[in-house]
Each structure stands twice: as C-alpha cells, then as structure tokens.
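Asker: My structure file input18.txt, compact mmCIF, C-alpha atoms, is below:
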# COMPACT_ATOMS: atom_id res chain seq x y z
CA MET A 841 -26.52 221.25 154.18
CA THR A 842 -25.92 219.56 150.83
CA GLU A 843 -25.29 215.88 150.50
CA PRO A 844 -21.98 214.70 149.07
CA PRO A 845 -22.17 213.67 145.41
CA VAL A 846 -22.79 210.03 144.67
CA PRO A 847 -19.60 208.50 143.29
CA ALA A 848 -19.74 207.37 139.69
CA ARG A 849 -20.53 203.72 139.21
CA ARG A 850 -17.52 201.54 138.52
CA THR A 851 -17.52 199.96 135.10
CA PRO A 852 -16.11 196.58 134.08
CA THR A 853 -13.19 198.55 132.60
CA ASP A 854 -12.31 199.91 136.06
CA VAL A 855 -12.28 196.42 137.50
CA LEU A 856 -10.26 195.19 134.51
CA ARG A 857 -7.36 197.52 135.26
CA GLY A 858 -6.56 195.64 138.46
CA SER A 859 -6.65 192.25 136.76
CA LEU A 860 -5.06 192.99 133.38
CA ASP A 861 -1.79 191.17 134.10
CA LEU A 862 -3.70 188.06 135.16
CA LEU A 863 -5.83 188.17 132.01
CA VAL A 864 -2.78 188.60 129.76
CA LEU A 865 -0.86 185.77 131.45
CA LYS A 866 -3.89 183.46 131.25
CA THR A 867 -4.49 184.32 127.59
CA LEU A 868 -0.84 183.70 126.69
CA SER A 869 -0.96 180.35 128.51
CA LEU A 870 -3.25 179.19 125.69
CA MET A 871 -0.81 180.08 122.89
CA PRO A 872 1.64 182.81 121.83
CA MET A 873 -0.06 185.74 120.15
CA HIS A 874 0.33 189.38 119.21
CA GLY A 875 -1.18 192.25 121.18
CA TRP A 876 -4.29 192.74 119.06
CA GLY A 877 -4.91 188.98 119.22
CA ILE A 878 -4.62 189.06 123.02
CA SER A 879 -7.24 191.80 123.30
CA GLN A 880 -9.55 190.00 120.87
CA ARG A 881 -9.19 186.67 122.68
CA ILE A 882 -10.01 188.25 126.06
CA GLN A 883 -13.09 189.90 124.57
CA GLN A 884 -14.12 186.62 122.92
CA LEU A 885 -13.61 184.45 126.01
CA SER A 886 -15.49 186.94 128.21
CA GLU A 887 -18.37 186.98 125.71
CA GLY A 888 -17.85 190.70 125.10
CA VAL A 889 -17.89 191.74 128.76
CA LEU A 890 -14.19 192.64 128.93
CA GLU A 891 -12.61 194.99 126.41
CA VAL A 892 -8.89 195.61 126.73
CA ASN A 893 -7.81 199.08 125.70
CA GLN A 894 -4.65 199.02 123.55
CA GLY A 895 -3.32 201.95 125.59
CA SER A 896 -3.40 199.71 128.67
CA LEU A 897 -2.41 196.44 127.02
CA TYR A 898 0.93 197.41 125.50
CA PRO A 899 2.35 199.00 128.66
CA ALA A 900 1.25 195.85 130.54
CA LEU A 901 3.00 193.65 127.97
CA GLN A 902 6.17 195.75 128.25
CA ARG A 903 6.06 195.53 132.05
CA LEU A 904 5.49 191.75 131.97
CA GLU A 905 8.38 191.36 129.53
CA LYS A 906 10.66 193.52 131.68
CA ASP A 907 9.74 191.32 134.67
CA GLY A 908 10.64 188.18 132.69
CA LEU A 909 7.09 186.80 132.68
CA VAL A 910 6.66 187.03 128.92
CA ALA A 911 9.09 187.04 126.01
CA SER A 912 8.51 188.40 122.53
CA GLU A 913 9.77 188.12 118.99
CA TRP A 914 8.77 189.54 115.66
CA GLY A 915 6.62 187.43 113.39
CA THR A 916 4.13 187.66 110.54
CA THR A 917 0.36 187.66 111.07
CA ASP A 918 -2.20 185.76 108.98
CA ASN A 919 -2.69 189.05 107.09
CA ASN A 920 1.03 189.09 106.19
CA ARG A 921 1.85 191.99 108.56
CA ARG A 922 4.76 192.20 110.95
CA ALA A 923 3.77 191.98 114.60
CA ARG A 924 5.43 191.30 117.92
CA TYR A 925 4.32 187.91 119.25
CA TYR A 926 4.33 187.34 123.00
CA ARG A 927 4.67 184.02 124.82
CA LEU A 928 4.66 183.00 128.45
CA THR A 929 8.01 182.15 130.04
CA ALA A 930 8.52 179.52 132.75
CA ALA A 931 8.52 182.34 135.31
CA GLY A 932 5.28 183.59 133.75
CA ARG A 933 3.65 180.18 134.20
CA ARG A 934 4.64 180.16 137.87
CA ALA A 935 3.36 183.74 138.30
CA LEU A 936 0.09 182.78 136.59
CA GLY A 937 -0.45 179.98 139.11
CA GLN A 938 0.22 182.34 142.01
CA GLU A 939 -2.00 185.08 140.57
CA LEU A 940 -4.86 182.64 139.94
CA GLU A 941 -4.71 181.41 143.54
CA SER A 942 -4.62 184.98 144.83
CA TRP A 943 -7.56 185.98 142.60
CA ARG A 944 -9.61 182.98 143.74
CA ARG A 945 -9.02 183.84 147.41
CA PHE A 946 -9.96 187.46 146.75
CA SER A 947 -13.11 186.62 144.78
CA THR A 948 -14.22 184.06 147.38
CA GLY A 949 -13.79 186.63 150.14
CA LEU A 950 -15.60 189.29 148.14
CA GLU A 951 -18.48 186.94 147.37
CA THR A 952 -18.74 185.98 151.04
CA VAL A 953 -19.04 189.62 152.06
CA LEU A 954 -21.60 190.36 149.35
CA ARG A 955 -23.79 187.42 150.41
CA THR A 956 -24.06 188.59 154.05
CA GLY A 957 -26.86 190.51 155.32
Hey, can you dump this file as structure tokens for me?

Answerer:
Amino acid sequence: MTEPPVPARRTPTDVLRGSLDLLVLKTLSLMPMHGWGISQRIQQLSEGVLEVNQGSLYPALQRLEKDGLVASEWGTTDNNRRARYYRLTAAGRRALGQELESWRRFSTGLETVLRTG
C-alpha cells in the first residue's frame, strides 16, 4: 500500500492571499498611493518577506473600491506618469479596525495552538 503524497509546503504567498485586503487597508492608512507603491510599501515594511503580485493586488483594489472601503482618482507619479491613486475612506478605516482585531484574535489563537504540546 502506498502512502499518500505529502502536501506541498505553504509559502508566505499562500498565507498572503488570505490577508491581502488587510495589508492593503493598513498600507493605505499611512497615505494615499498608487498600486505599484502599495506593493512596494508592503514589501519594504515586511523586510522583503511579503511580495504582492500585481495580478492579485489590482483585483483586490477594485473589490475594495466597489465595497466603498477605498476611493481612487487619477494623478501623476514622481516619474511624471499617470496612475490611479487609492485612499482609505471612512468606511475603510472602520473596516481596518475590525480586520485588525479579527486578525489579532486569529493569530493569538493560532499561536496558542502551536505552543501546545
């Protein structure tokens, strides 16, 4: 009888997918910025651990905008290029607070389980 295959190890990118909205909201709470800037800031603040794929970021931004958590407008970058700049709305600030609390409860519970044993 053969053993079932060992599942592939989850990468930080896999974990990131579930927390992308939280990361975007938190990043935009610092200042309005364009999509590329958001991904760069997340990578910078995480000291290179988290890399946000543009193919995931822009759908997340569109979803957050549709939900009224972020708003956007066209602007000009430091390199004199047109870009859509995103900012947190009042509803986005409230959602960020709720998401942070939820994440802290989750991570505390996860850490508690991992310490047992």

Asker: Quick one: everything within 12 Å of Asp861 in chain A, counting only C-alpha atoms, minus sequence neighbours fewer than 3 positions away in the same chain. Send it as JSON, numbers by chain.

Answerer: {"A": [856, 857, 858, 864, 865, 866, 867, 868, 878, 882, 892, 896, 897, 898, 899, 900, 901, 902, 903, 904, 905, 907, 909, 910, 928, 932, 935, 936, 939, 940, 943]}

Asker: For CA of Asn919 in chain A and CA of Trp876 in chain A, determine how far apart the two atoms are, in Å to one decimal place.

Answerer: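 Pair CA of Asn919 in chain A / CA of Trp876 in chain A returns 12.6 Å.
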
Asker: Tell me, in Å to one decimal, how far CA of Leu870 in chain A is from CA of Arg933 in chain A.

Answerer: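 Here the two named atoms are 11.0 Å from each other.
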
Asker: For CA of Gln883 in chain A and CA of Arg955 in chain A, quote the distance in Å rounded to one decimal.

Answerer: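 Between these atoms lies a distance of 28.1 Å.
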
Asker: Give me the box for range 925-933 of chain A as JSON, namely the centre and edge lengths in Å to one decimal of a box along x, y and z that holds every listed atom plus 8 Å on each side.

Answerer:
{"center_x": 6.1, "center_y": 183.7, "center_z": 127.3, "size_x": 20.9, "size_y": 24.4, "size_z": 32.1}

Asker: Determine, counting all atoms listed in the file, which protein, DNA and RNA residues have an atom within 9 Å of an atom of Gly915 in chain A; residues of the same chain fewer than 5 positions away are not included. Present the result as a VMD selection string.

Answerer: chain A and resid 874 921 to 925
